[in-house]
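Undergrad: Right, I'll just put the structure down here and ask away after.
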Amino acid sequence: MNDFYYRKLDAYQLAKTLALEIYKLVNTFPERERYGMCDQLRRSAISIPSNIAEGTGRFSIKERIHFLNISYGSLCETMCQMEIAKDLGYISQEAYSETEDLASRVSMTISGLKKSLSNKLNTFNPE
């Protein structure tokens with residue numbers, strides 16, 4: 001039995017890839033941002049796959065959906081910070097666009113997973 005089901009989820013795998021890319025990008029930021037934007041970006045980026053994983057460990061479908069919502073919020077926070085980093089010249093337009101494309105894929109997979117869970121919830125609890 002595999003206790004770590006989340007590893008099989010596309011949403012988790014893409015979110016983890018995004019987090020790894022963010023970690024690589026912040027290494028290019030100015031030294032003065034090490035304890036500011038870099039730390040915040042790392043925290044928000046790592047929160048995306050972490051909350052997907054944590055949600056799969058919950059037995060309630062409502063709780064699983066809740067953690068996907070948190071994950072999506074962290075994704076939005078990450079992209080806001082990446083946009084600011086681009087505007088400040090810390091990353092190139094190309095790096096930003098690549099990150100945004102990956103983030104869009106993460107968003108779509110989180111949305112699909114949430115919809116699947118919502119359908120299960122509605123099946124068990126018809127109105």
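Lettering and numbering for the structure tokens are positional, with chains as A, B, ... in the shown order, residues counted from 1 in each chain, and ligands counted from 1 in the shown order.
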Run DSSP on the backbone and grab whatever in chain A lands in alpha helix (DSSP H); send it over as a PyMOL selection string.

TA: chain A and resi 10-26+37-56+61-87+93-124

Undergrad: Within 10 Å of Ala85 of chain A, counting only C-alpha atoms, which residues show up once you throw out same-chain ones fewer than 3 positions away? Write them as a list in words, please.

TA: Val26, Phe29, Met37, Cys38, Leu41, Met79, Cys80, Gln81, Met82, Leu88, Gly89, Tyr90, Ile91, Ser92 and Tyr96 of chain A

Undergrad: Rounded to one decimal place, report the atom CA of Tyr12 of chain A-atom CA of Pro49 of chain A distance in Å.

TA: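 Between these atoms lies a distance of 5.2 Å.
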
Undergrad: Between A:Thr123, A:Ile84, A:Glu31, A:Ile48, single out the one closest to Ala11 of chain A, counting only C-alpha atoms.

TA: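 Distance minimum relative to Ala11 of chain A lands on A:Ile48.
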
Undergrad: Please provide as a ChimeraX atom specification all residues within 10 Å of Glu21 of chain A, with the sequence filter that same-chain residues fewer than 3 positions apart are discarded (counting only C-alpha atoms).

TA: /A:15-18,24-26,45,95,98-99,102

Undergrad: Between A:Asn119, A:Phe67, A:Ser74, A:Glu94, which one has atoms that come closest to Ser107 of chain A, using only C-alpha atoms?

TA: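 The shortest atom-to-atom distance to Ser107 of chain A comes from A:Ser74.
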
Undergrad: As an exercise, work out the distance from atom CA of Ile70 of chain A to atom CA of Gly55 of chain A in Å and give it to one decimal place.

TA: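 Distance reported for this atom pair: 9.6 Å.
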